[in-house]
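Input: a single structure, listed below in structure tokens.
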Number of protein chains: 2
Amino acid sequence: MNEGVEWAMHSCVNLSWAAGEAVTAKRLAAFYNLPTAYLNKQLQALTRAGILTSVSGPKGGFQLARDPRNISLLDIVVAIDGPDDAFRCTEILKEGPGADTRADYTKTCVISQAMRGAELTYRRELASRSIADIADEVVRRTPAAPDNTRNRFANLKS
Amino acid sequence: MNEGVEWAMHSCVNLSWAAGEAVTAKRLAAFYNLPTAYLNKQLQALTRAGILTSVSGPKGGFQLARDPRNISLLDIVVAIDGPDDAFRCTEILKEGPGADTRADYTKTCVISQAMRGAELTYRRELASRSIADIADEVVRRTPAAPDNTRNRFANLKS
DNA sequence: TCTATTCAGGACATTTAGTATCCAGGTTAT
DNA sequence: ATAACCTGGATACTAAATGTCCTGAATAGA
């Protein structure tokens, strides 16, 4: 899985504490000392997926496009890593004995079904957790986190 | 995920129908028209993991090392693809404000925990399905499958 | 209007992982 | 002895992930 998924999730949590103001890619990158240009690519992907909104120019930057309760971890994984399953059925059954070349073994192969079933539970789990859930839990453990985040963004403004 | 996982699972199902006799890597590869030397690498990995046993020399080959009811899909994934999670926490929190450099954020980071939780459900699902389950379901749909497999192995004997 | 800031995205370059082949060495049935 | 077969290291090739750079467009403020 792309490392960008981790960056994107942490950035979204931080953006949820900067509600109302746009944050530039440069400041988001400085937060965790990430390469600016590459993080920018991930933020662009989140924007294309409708998770963030972006504004060009001075005072520009990124914001959450909607309530963080409606942004799931699965949304972010799909936006950054793509919609494909980890297990990719290459339909080797088509090379086997008695195979029907026209059949779609991605759907009918028992192994393929089992693997897709497991990934489905994985996705369901990720879909059930929102950025707001994560942010709330962080606050429960570290109440100062939102203020720390806002302060750091302010200090990095320069 | 490695393509070898798919090869290994299909090969194990076929081996479950060749109980008692060793099958060579060449015949297993010919079954689905796979590259022999590379499939052999996957079979070696299964052997190292204790899923298969191997015998050198003429009449040699591979067999299941234990009852297919005790070989889970997770066993095969771990043997071929390794034990690592897809999501790898790089602990970027250590670069953040108020970070404790000595803390292990792989364990304490809320995002890392959520991702590991989701992968856990995925692994549980794979652990609950055995090669025997798969083979039984194939037989239910295609009763001739075991005979087809044995015949094909016999014909490929050359 | 001019300038500085920032996002958008294409074109690379670099690094790493997956895929695949080959060969030398050891084991075993005939 | 010989041929079949597994073992594992070395190596090559390919694809994907990671990272940088540059041009162009949008926009705020002087």
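Each chain of the structure tokens is named A, B, ... in the order shown, its residues numbered from 1; ligands are numbered from 1 in display order.
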Exercise for the section: Do a neighbour search on DT28 of chain C at 8 Å with only C-alpha atoms (C1' of nucleotides), toss out local chain neighbours closer than 2 positions, and write the hits as a ChimeraX atom specification. Expected result: /B:56-58
Go ahead and save the picked residues with N, CA and C atoms, as a PDB file, in the first residue's frame.
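The file below, result_14.pdb, is the result:
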ATOM      1  N   SER B  56      13.307 -35.172  -3.418  1.00  0.00           N
ATOM      2  CA  SER B  56      14.169 -35.043  -4.591  1.00  0.00           C
ATOM      3  C   SER B  56      14.220 -36.337  -5.372  1.00  0.00           C
ATOM      4  N   GLY B  57      14.760 -36.230  -6.557  1.00  0.00           N
ATOM      5  CA  GLY B  57      15.013 -37.413  -7.361  1.00  0.00           C
ATOM      6  C   GLY B  57      13.832 -37.895  -8.175  1.00  0.00           C
ATOM      7  N   PRO B  58      14.036 -38.941  -8.958  1.00  0.00           N
ATOM      8  CA  PRO B  58      12.950 -39.528  -9.760  1.00  0.00           C
ATOM      9  C   PRO B  58      11.812 -39.948  -8.838  1.00  0.00           C
TER      10      PRO B  58
END
Handout entry: Who sits within 10 Å of Glu119 of chain A, only C-alpha atoms (C1' of nucleotides), same chain under 2 positions skipped, as a PyMOL selection string
Key = (chain A and resi 85-87+113-117+121-125) or (chain B and resi 118-119+121-123+125-126)
Handout entry: Long-range neighbours of DT5 of chain C as a PyMOL selection string, 12 Å cut-off, only C-alpha atoms (C1' of nucleotides), 5 positions minimum in chain
Key = (chain A and resi 24+26+55-61) or (chain D and resi 26-29)
Take the residues from that selection and write them out as a CSV table (one decimal), in the first residue's frame, keeping N, CA and C atoms (P, O5', C5', C4', C3', O3' and C1' of nucleotides).
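Below is the file again.csv, written as the result:
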chain,number,residue,atom,x,y,z
A,24,THR,N,-1.9,25.4,3.1
A,24,THR,CA,-1.1,25.1,1.9
A,24,THR,C,-0.4,23.7,2.0
A,26,LYS,N,2.6,23.2,1.4
A,26,LYS,CA,3.9,23.5,2.1
A,26,LYS,C,3.8,23.3,3.6
A,55,VAL,N,-7.9,25.8,-3.4
A,55,VAL,CA,-8.0,27.2,-3.9
A,55,VAL,C,-6.6,27.6,-4.3
A,56,SER,N,-6.4,28.1,-5.5
A,56,SER,CA,-5.1,28.6,-6.0
A,56,SER,C,-4.8,30.0,-5.4
A,57,GLY,N,-3.6,30.4,-5.6
A,57,GLY,CA,-3.2,31.8,-5.3
A,57,GLY,C,-2.9,32.0,-3.8
A,58,PRO,N,-2.5,33.3,-3.5
A,58,PRO,CA,-2.2,33.6,-2.1
A,58,PRO,C,-3.4,33.4,-1.3
A,59,LYS,N,-3.2,33.0,-0.1
A,59,LYS,CA,-4.3,32.6,0.9
A,59,LYS,C,-5.0,31.4,0.4
A,60,GLY,N,-4.4,30.7,-0.6
A,60,GLY,CA,-5.0,29.5,-1.1
A,60,GLY,C,-4.6,28.3,-0.2
A,61,GLY,N,-4.9,27.1,-0.7
A,61,GLY,CA,-4.6,25.9,0.0
A,61,GLY,C,-5.7,24.9,0.0
D,26,DA,P,-7.4,29.7,-15.5
D,26,DA,O5',-7.4,30.0,-13.9
D,26,DA,C5',-7.6,29.0,-13.0
D,26,DA,C4',-7.3,29.5,-11.6
D,26,DA,C3',-8.1,30.8,-11.2
D,26,DA,O3',-8.7,30.6,-10.0
D,26,DA,C1',-5.8,31.0,-10.8
D,27,DT,P,-9.9,31.6,-9.5
D,27,DT,O5',-9.1,32.6,-8.5
D,27,DT,C5',-8.4,32.0,-7.4
D,27,DT,C4',-7.6,33.0,-6.7
D,27,DT,C3',-8.2,34.4,-6.6
D,27,DT,O3',-8.0,34.8,-5.2
D,27,DT,C1',-6.0,34.6,-7.4
D,28,DA,P,-9.2,35.6,-4.4
D,28,DA,O5',-8.3,36.3,-3.3
D,28,DA,C5',-7.4,35.6,-2.6
D,28,DA,C4',-6.2,36.5,-2.2
D,28,DA,C3',-6.6,37.9,-1.8
D,28,DA,O3',-5.9,38.2,-0.6
D,28,DA,C1',-5.0,38.0,-3.6
D,29,DG,P,-6.2,39.4,0.3
D,29,DG,O5',-5.1,40.5,-0.1
D,29,DG,C5',-3.7,40.1,0.0
D,29,DG,C4',-2.8,41.1,-0.7
D,29,DG,C3',-3.2,42.6,-0.4
D,29,DG,O3',-2.0,43.3,-0.1
D,29,DG,C1',-3.0,42.2,-2.7
Practice task
Check the DSSP output for the backbone and give back, as a PyMOL selection string, the residues of segment 67-158 of chain A in alpha helix (DSSP H).
Solution key: chain A and resi 73-81+105-108+110-127+131-141+145-155
Fill in the blank from the handout: note - atom C1' of DT7 of chain D and atom CA of Gln63 of chain B are separated by 16.4 Å
Problem - Within 10 Å of DA13 of chain C using only C-alpha atoms (C1' of nucleotides), minus same-chain residues under 5 positions, as a list in words - result: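 The residues that qualify are DG19, DT20 and DC21 of chain D.
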Any chance you could export the current selection's C-alpha atoms (C1' of nucleotides) as an mmCIF file, in the first residue's frame?
data_model
loop_
_atom_site.group_PDB
_atom_site.id
_atom_site.type_symbol
_atom_site.label_atom_id
_atom_site.label_comp_id
_atom_site.auth_asym_id
_atom_site.auth_seq_id
_atom_site.Cartn_x
_atom_site.Cartn_y
_atom_site.Cartn_z
ATOM 1 C "C1'" DG D 19 10.605 11.897 -5.551
ATOM 2 C "C1'" DT D 20 11.945 16.191 -8.281
ATOM 3 C "C1'" DC D 21 11.338 19.739 -11.639
#
Handout entry: Shell around Thr106 of chain B at 7 Å using only C-alpha atoms (C1' of nucleotides), local window under 6 positions removed, as a PyMOL selection string
Key = chain B and resi 89+91+112
Just the residues within 10 Å of DA20 of chain C, please, counting only C-alpha atoms (C1' of nucleotides), with nothing from its chain fewer than 6 positions along; format it as an mmCIF file with N, CA and C atoms (P, O5', C5', C4', C3', O3' and C1' of nucleotides), in the first residue's frame.
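In the end it all went to selection32.cif:
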data_model
loop_
_atom_site.group_PDB
_atom_site.id
_atom_site.type_symbol
_atom_site.label_atom_id
_atom_site.label_comp_id
_atom_site.auth_asym_id
_atom_site.auth_seq_id
_atom_site.Cartn_x
_atom_site.Cartn_y
_atom_site.Cartn_z
ATOM 1 N N PRO B 35 5.214 -20.522 -15.667
ATOM 2 C CA PRO B 35 6.666 -20.698 -15.789
ATOM 3 C C PRO B 35 7.182 -21.639 -14.696
ATOM 4 N N THR B 36 7.748 -22.760 -15.105
ATOM 5 C CA THR B 36 8.133 -23.819 -14.164
ATOM 6 C C THR B 36 9.077 -23.331 -13.075
ATOM 7 N N ALA B 37 10.156 -22.671 -13.485
ATOM 8 C CA ALA B 37 11.187 -22.295 -12.508
ATOM 9 C C ALA B 37 10.639 -21.336 -11.467
ATOM 10 N N TYR B 38 9.753 -20.456 -11.909
ATOM 11 C CA TYR B 38 9.234 -19.461 -10.969
ATOM 12 C C TYR B 38 8.187 -20.068 -10.037
ATOM 13 N N LEU B 39 7.329 -20.922 -10.585
ATOM 14 C CA LEU B 39 6.390 -21.627 -9.707
ATOM 15 C C LEU B 39 7.161 -22.444 -8.682
ATOM 16 P P DA D 12 23.513 -9.751 -15.132
ATOM 17 O "O5'" DA D 12 22.100 -9.662 -15.853
ATOM 18 C "C5'" DA D 12 21.673 -10.740 -16.684
ATOM 19 C "C4'" DA D 12 20.190 -10.610 -16.942
ATOM 20 C "C3'" DA D 12 19.766 -9.204 -17.396
ATOM 21 O "O3'" DA D 12 19.075 -9.318 -18.621
ATOM 22 C "C1'" DA D 12 18.382 -9.985 -15.620
ATOM 23 P P DC D 13 18.701 -8.036 -19.467
ATOM 24 O "O5'" DC D 13 17.139 -7.934 -19.163
ATOM 25 C "C5'" DC D 13 16.347 -9.115 -19.263
ATOM 26 C "C4'" DC D 13 14.950 -8.824 -18.721
ATOM 27 C "C3'" DC D 13 14.412 -7.459 -19.154
ATOM 28 O "O3'" DC D 13 13.153 -7.677 -19.779
ATOM 29 C "C1'" DC D 13 14.179 -7.755 -16.801
ATOM 30 P P DT D 14 12.381 -6.418 -20.518
ATOM 31 O "O5'" DT D 14 11.231 -6.080 -19.453
ATOM 32 C "C5'" DT D 14 10.525 -7.150 -18.835
ATOM 33 C "C4'" DT D 14 9.660 -6.609 -17.719
ATOM 34 C "C3'" DT D 14 9.006 -5.264 -18.035
ATOM 35 O "O3'" DT D 14 7.599 -5.464 -17.983
ATOM 36 C "C1'" DT D 14 9.997 -5.255 -15.864
#
Problem - DSSP strand (DSSP E or B) residues within chain A, listed as a list of chain:residue names - result: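 Selection result, strand (DSSP E or B) within chain A: A:Val23, A:Leu52, A:Thr53, A:Ser54, A:Val55, A:Gly61, A:Phe62, A:Gln63, A:Leu64, A:Ser72, A:Ser130.
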Problem - Shell of 12 Å around DA30 of chain D, only C-alpha atoms (C1' of nucleotides), local chain residues under 3 positions omitted, as a PyMOL selection string - result: chain C and resi 1-4
So that I have them on file, write out the residues from the current selection with C-alpha atoms (C1' of nucleotides), as a PDB file, in the first residue's frame.
ATOM      1  C1'  DT C   1      -2.033  46.033 -14.038  1.00  0.00           C
ATOM      2  C1'  DC C   2       1.861  43.843 -11.900  1.00  0.00           C
ATOM      3  C1'  DT C   3       3.745  40.630  -8.759  1.00  0.00           C
ATOM      4  C1'  DA C   4       4.013  37.020  -5.641  1.00  0.00           C
TER       5       DA C   4
END
Can you check which residues of chain D have any atom within 9 Å of chain B? Use only C-alpha atoms (C1' of nucleotides) and format it as a PDB file with C-alpha atoms (C1' of nucleotides), in the first residue's frame.
ATOM      1  C1'  DA D   3      18.720 -39.355 -15.267  1.00  0.00           C
ATOM      2  C1'  DA D   4      15.090 -36.944 -12.815  1.00  0.00           C
ATOM      3  C1'  DC D   5      14.167 -33.718  -9.443  1.00  0.00           C
ATOM      4  C1'  DC D   6      14.491 -30.286  -5.590  1.00  0.00           C
ATOM      5  C1'  DT D   7      17.494 -26.266  -3.411  1.00  0.00           C
TER       6       DT D   7
END
Check which residues of chain C sit at most 10 Å from chain B using only C-alpha atoms (C1' of nucleotides), and return one row each with the closest pair of atoms and their distance in Å to one decimal, ordered by chain and rising number, as CSV.
residue,atom,partner,partner_atom,distance
C:DG18,C1',B:Asn2,CA,7.3
C:DT19,C1',B:Tyr38,CA,8.2
C:DA20,C1',B:Tyr38,CA,6.4
C:DT21,C1',B:Ala37,CA,7.6
C:DC22,C1',B:Ala37,CA,9.4
C:DG26,C1',B:Ser56,CA,9.1
C:DT27,C1',B:Ser56,CA,5.4
C:DT28,C1',B:Gly57,CA,4.5
C:DA29,C1',B:Pro58,CA,5.3
C:DT30,C1',B:Pro58,CA,8.5
For the residues in that selection, give me N, CA and C atoms (P, O5', C5', C4', C3', O3' and C1' of nucleotides) as a compact mmCIF listing (two decimals), in the first residue's frame.
# COMPACT_ATOMS: atom_id res chain seq x y z
P DG C 18 7.05 -7.24 -3.54
O5' DG C 18 6.82 -7.72 -5.04
C5' DG C 18 5.93 -6.98 -5.86
C4' DG C 18 6.06 -7.45 -7.29
C3' DG C 18 5.86 -8.95 -7.48
O3' DG C 18 4.96 -9.14 -8.56
C1' DG C 18 7.91 -8.27 -8.44
P DT C 19 4.49 -10.63 -8.94
O5' DT C 19 5.47 -11.00 -10.15
C5' DT C 19 5.43 -10.20 -11.32
C4' DT C 19 6.49 -10.67 -12.29
C3' DT C 19 6.46 -12.18 -12.60
O3' DT C 19 6.25 -12.35 -13.99
C1' DT C 19 8.67 -11.42 -12.18
P DA C 20 6.02 -13.85 -14.54
O5' DA C 20 7.51 -14.31 -14.87
C5' DA C 20 8.27 -13.55 -15.80
C4' DA C 20 9.70 -14.07 -15.84
C3' DA C 20 9.83 -15.59 -15.94
O3' DA C 20 10.20 -15.91 -17.28
C1' DA C 20 11.50 -14.59 -14.54
P DT C 21 10.50 -17.44 -17.67
O5' DT C 21 12.09 -17.50 -17.58
C5' DT C 21 12.85 -16.46 -18.20
C4' DT C 21 14.34 -16.68 -17.93
C3' DT C 21 14.81 -18.13 -18.17
O3' DT C 21 15.87 -18.10 -19.11
C1' DT C 21 15.59 -17.29 -16.08
P DC C 22 16.45 -19.51 -19.68
O5' DC C 22 17.75 -19.72 -18.78
C5' DC C 22 18.60 -18.59 -18.52
C4' DC C 22 19.70 -18.98 -17.54
C3' DC C 22 20.20 -20.42 -17.69
O3' DC C 22 21.60 -20.42 -17.92
C1' DC C 22 19.74 -19.89 -15.41
P DG C 26 27.44 -30.43 -3.33
O5' DG C 26 26.05 -31.06 -2.88
C5' DG C 26 25.19 -30.31 -2.03
C4' DG C 26 23.85 -31.01 -1.95
C3' DG C 26 23.93 -32.50 -1.61
O3' DG C 26 22.94 -32.82 -0.65
C1' DG C 26 22.72 -32.19 -3.62
P DT C 27 22.88 -34.33 -0.03
O5' DT C 27 21.60 -34.98 -0.72
C5' DT C 27 20.33 -34.37 -0.54
C4' DT C 27 19.28 -35.14 -1.33
C3' DT C 27 19.26 -36.64 -1.08
O3' DT C 27 17.94 -37.01 -0.74
C1' DT C 27 19.27 -36.19 -3.40
P DT C 28 17.64 -38.45 -0.07
O5' DT C 28 17.15 -39.30 -1.31
C5' DT C 28 15.98 -38.89 -2.01
C4' DT C 28 15.82 -39.68 -3.28
C3' DT C 28 15.97 -41.20 -3.12
O3' DT C 28 14.90 -41.82 -3.81
C1' DT C 28 17.24 -40.45 -4.93
P DA C 29 14.25 -43.20 -3.28
O5' DA C 29 13.72 -43.86 -4.63
C5' DA C 29 12.79 -43.13 -5.42
C4' DA C 29 12.92 -43.54 -6.88
C3' DA C 29 12.86 -45.04 -7.12
O3' DA C 29 12.05 -45.30 -8.26
C1' DA C 29 14.91 -44.17 -7.97
P DT C 30 11.55 -46.76 -8.62
O5' DT C 30 12.58 -47.18 -9.75
C5' DT C 30 12.71 -46.34 -10.90
C4' DT C 30 13.90 -46.80 -11.73
C3' DT C 30 14.04 -48.32 -11.85
O3' DT C 30 13.88 -48.71 -13.20
C1' DT C 30 16.13 -47.27 -11.45
